[in-house]
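Trainee: Right, I'll just put the structure down here and ask away after.
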Amino acid sequence: MQGKTGNDAKTTVSAEVAETLLQEGWKKVDLHVHSSCSYDVPSVQAMHPAVLFENARSQGLDFVTFTDHDTVKAYDLLGWDKEGLVPGVEISISDPEHIGHTLHVNVFELDSEEFKELELIANQECDFKSFIRYLRTHDLPHMYNHPFQFVGGERPNLWAVPELIKQFPVVEYNMQNLTEKNLMVATLARKYGKGIAATTDSHTGGMGAVYTLAKGETFREFFENIKKGSSYIVVEGRTRQHLTKEWSSWIELIFSMDRQLREDYNFTTNVWSFDRVISFFANEKIREFPRINSLAMKFFQNFSRSGLPAYIYIKTEKPLVSRIEEILNQIA
């Protein structure tokens, strides 16, 4: 059973088929996971890289990587050469002149010096061409994250996305994103012969809920097989289900944070009104009343589990989905 590139490629398999492949020696990896080293992850013990690493291995992830936002602190804490750990980072790069919006790129198997040089290109040169050239010259595995998800307040250049996908060896099927967007990304990946990786992009320790399967005794071999299309993604459940679970876990972590840490914390459910109400109840004054704090946490968890916040977010994204579809129809 082999994956392949091309428009007729079957890239998705069920969890049952995945179990058979794992028994045959295929590897299971979630290539986009955040730890407490990211600015938008609650700074609690449960999200410490050491805790998450052990959780990931217990869940059967063969290689573990933390792709925190513009930082490699996790590897300073865990050690850069820890067995089974693959150094990674999610780097933000904005190229106003040539692209117009911010890209997020996962880079793997880099060292601290390479990270500093990439950060310099991203933050000072703001030059995507130099950035991608560096990745290729240094032979660093890299992936285009959530191509149709954009930074709030930016006006995305939707026409640029298909051209950008051509520049990357692997593109991401991100479970924090709408199913429709992911399917359009997968269609473009197959059109241009690019690999596809399914990820959780979890900020709450939920890594491995979806994952990518490929063969490879080393991470490099594993990633090369994704690039070639000799891989599968395991994606069960839709966006609403995954967002509901992620946000419910996030609420629990927020209310368990020390009050001094909450002031510097910056994470959003992408539902502005929901965020504002949570911020009000998760403040330090409420924290002084444990019973009220506990009741507020349970209320917001139940509200999140109802699926309504995820439903609102999905509805607000529908106009963007329609715009993307119009553009893709024109380039088909």
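Following the order of the structure tokens, first chain is A, next is B, and so on, with residues numbered from 1 inside each chain and ligands from 1 in the order they appear.
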List every residue of segment 127-256 of chain A that DSSP, applied to the backbone, labels as strand (DSSP E), and write the result as a ChimeraX atom specification.
Mentor: /A:142-144,170-174,195-199,211-214,231-234
Trainee: The selected residues should be written to file as a PDB file, in the first residue's frame (atoms: C-alpha atoms).
Mentor:
ATOM      1  CA  HIS A 142      10.014  22.842   6.017  1.00  0.00           C
ATOM      2  CA  MET A 143       6.243  23.081   5.633  1.00  0.00           C
ATOM      3  CA  TYR A 144       3.753  25.788   4.650  1.00  0.00           C
ATOM      4  CA  VAL A 170       4.899  20.025   2.049  1.00  0.00           C
ATOM      5  CA  VAL A 171       1.687  21.861   2.922  1.00  0.00           C
ATOM      6  CA  GLU A 172      -0.434  21.510   6.018  1.00  0.00           C
ATOM      7  CA  TYR A 173      -3.908  20.099   6.614  1.00  0.00           C
ATOM      8  CA  ASN A 174      -4.554  21.974   9.870  1.00  0.00           C
ATOM      9  CA  GLY A 195       3.205  16.478   0.133  1.00  0.00           C
ATOM     10  CA  ILE A 196       0.394  16.848   2.679  1.00  0.00           C
ATOM     11  CA  ALA A 197       0.751  16.600   6.461  1.00  0.00           C
ATOM     12  CA  ALA A 198      -2.168  16.531   8.903  1.00  0.00           C
ATOM     13  CA  THR A 199      -1.563  18.342  12.182  1.00  0.00           C
ATOM     14  CA  TYR A 211      -1.433  12.757  12.361  1.00  0.00           C
ATOM     15  CA  THR A 212       0.655  11.830   9.354  1.00  0.00           C
ATOM     16  CA  LEU A 213       1.880   8.343   8.499  1.00  0.00           C
ATOM     17  CA  ALA A 214       5.010   7.535   6.516  1.00  0.00           C
ATOM     18  CA  SER A 231       2.390   8.963   3.075  1.00  0.00           C
ATOM     19  CA  TYR A 232      -1.114   9.167   4.472  1.00  0.00           C
ATOM     20  CA  ILE A 233      -2.990  11.495   6.777  1.00  0.00           C
ATOM     21  CA  VAL A 234      -5.365  10.287   9.470  1.00  0.00           C
TER      22      VAL A 234
END
Trainee: If we count only C-alpha atoms, what is near Ile121 of chain A at a cut-off of 12 Å, once residues fewer than 3 positions away on the same chain are taken out, given as a compact mmCIF listing (two decimals) with N, CA and C atoms, in the first residue's frame?
Mentor:
# COMPACT_ATOMS: atom_id res chain seq x y z
N ILE A 91 7.93 29.77 12.28
CA ILE A 91 8.45 31.12 12.05
C ILE A 91 7.43 31.94 11.26
N SER A 92 7.20 33.15 11.72
CA SER A 92 6.31 34.07 11.01
C SER A 92 7.16 34.98 10.14
N ILE A 93 6.77 35.11 8.88
CA ILE A 93 7.49 36.01 7.99
C ILE A 93 6.50 36.82 7.18
N SER A 94 6.70 38.12 7.20
CA SER A 94 5.85 39.03 6.44
C SER A 94 6.68 39.70 5.36
N ASP A 95 6.20 39.60 4.13
CA ASP A 95 6.88 40.21 2.99
C ASP A 95 5.88 41.14 2.31
N GLU A 114 21.09 28.38 13.10
CA GLU A 114 20.22 28.49 11.93
C GLU A 114 18.92 29.20 12.26
N PHE A 115 18.41 28.95 13.45
CA PHE A 115 17.21 29.65 13.88
C PHE A 115 17.44 31.16 13.94
N LYS A 116 18.57 31.57 14.51
CA LYS A 116 18.87 33.00 14.61
C LYS A 116 18.98 33.64 13.23
N GLU A 117 19.59 32.93 12.29
CA GLU A 117 19.75 33.47 10.95
C GLU A 117 18.39 33.57 10.24
N LEU A 118 17.53 32.59 10.43
CA LEU A 118 16.20 32.64 9.83
C LEU A 118 15.36 33.77 10.44
N GLN A 124 14.06 41.27 9.91
CA GLN A 124 14.74 42.48 9.46
C GLN A 124 14.70 42.62 7.94
N GLU A 125 14.98 41.54 7.22
CA GLU A 125 14.95 41.63 5.76
C GLU A 125 13.52 41.54 5.22
N CYS A 126 12.67 40.79 5.93
CA CYS A 126 11.27 40.61 5.50
C CYS A 126 11.22 40.20 4.03
N ASP A 127 12.06 39.26 3.67
CA ASP A 127 12.21 38.85 2.28
C ASP A 127 11.94 37.35 2.16
N PHE A 128 10.78 37.00 1.62
CA PHE A 128 10.41 35.59 1.51
C PHE A 128 11.38 34.82 0.61
N LYS A 129 11.82 35.43 -0.48
CA LYS A 129 12.72 34.74 -1.40
C LYS A 129 14.03 34.36 -0.71
N SER A 130 14.56 35.29 0.09
CA SER A 130 15.79 34.98 0.84
C SER A 130 15.54 33.89 1.87
N PHE A 131 14.37 33.95 2.47
CA PHE A 131 13.99 32.98 3.51
C PHE A 131 13.93 31.58 2.92
N ILE A 132 13.21 31.41 1.83
CA ILE A 132 13.05 30.08 1.23
C ILE A 132 14.38 29.60 0.63
N ARG A 133 15.18 30.54 0.13
CA ARG A 133 16.49 30.18 -0.40
C ARG A 133 17.38 29.62 0.71
N TYR A 134 17.31 30.23 1.89
CA TYR A 134 18.11 29.76 3.02
C TYR A 134 17.69 28.33 3.40
N LEU A 135 16.40 28.07 3.45
CA LEU A 135 15.91 26.74 3.82
C LEU A 135 16.41 25.69 2.84
Trainee: Tell me, in Å to one decimal, how far atom CA of Asn177 of chain A is from atom CA of Pro162 of chain A.
Mentor: 17.3 Å
Trainee: Figure out the distance between atom CA of Ser43 of chain A and atom CA of Val89 of chain A, please, to one decimal in Å.
Mentor: 18.1 Å
Trainee: Could you build a table of the residues in segment 63-170 of chain A lying no more than 10 Å from segment 187-193 of chain A, giving for each the nearest pair of atoms and their separation in Å rounded to one decimal place, using only C-alpha atoms, ordered by chain and ascending residue number, as CSV?
Mentor:
residue,atom,partner,partner_atom,distance
A:Val161,CA,A:Leu188,CA,9.6
A:Pro162,CA,A:Leu188,CA,6.9
A:Glu163,CA,A:Tyr192,CA,9.7
A:Ile165,CA,A:Ala189,CA,7.1
A:Lys166,CA,A:Tyr192,CA,6.4
A:Gln167,CA,A:Tyr192,CA,9.8
A:Phe168,CA,A:Ala189,CA,9.5
A:Pro169,CA,A:Gly193,CA,8.6
A:Val170,CA,A:Ala189,CA,7.9
Trainee: Identify, with DSSP run on backbone atoms, the residues in segment 123-284 of chain A assigned to alpha helix (DSSP H), and express the list as a PyMOL selection string.
Mentor: chain A and resi 128-137+160-165+179-191+219-228+239-256+259-262+272-281+284
Trainee: Show me, as a PyMOL selection string, the residues that have an atom within 12 Å of Glu217 of chain A when counting only C-alpha atoms, minus same-chain residues fewer than 2 positions from it.
Mentor: chain A and resi 25-28+62-63+84+214-215+219-225
Trainee: Would you please work out which residue, of A:Thr71, A:Leu178, A:Lys194, A:Arg57, is nearest to Thr316 of chain A when using only C-alpha atoms?
Mentor: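 Checking each candidate against Thr316 of chain A, we get A:Leu178 as the closest.
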Trainee: Show which residues sit within 12 Å of Phe303 of chain A, as a list in words. Count only C-alpha atoms, and ignore same-chain residues fewer than 3 positions away.
Mentor: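 After dropping sequence-adjacent residues, the list is Thr244, Lys245, Trp247, Ser248, Ile251, Phe274, Val277, Ile278, Ala296, Met297, Lys298, Phe299, Phe300, Ser306, Gly307, Leu308, Pro309, Ala310 and Tyr311 of chain A.
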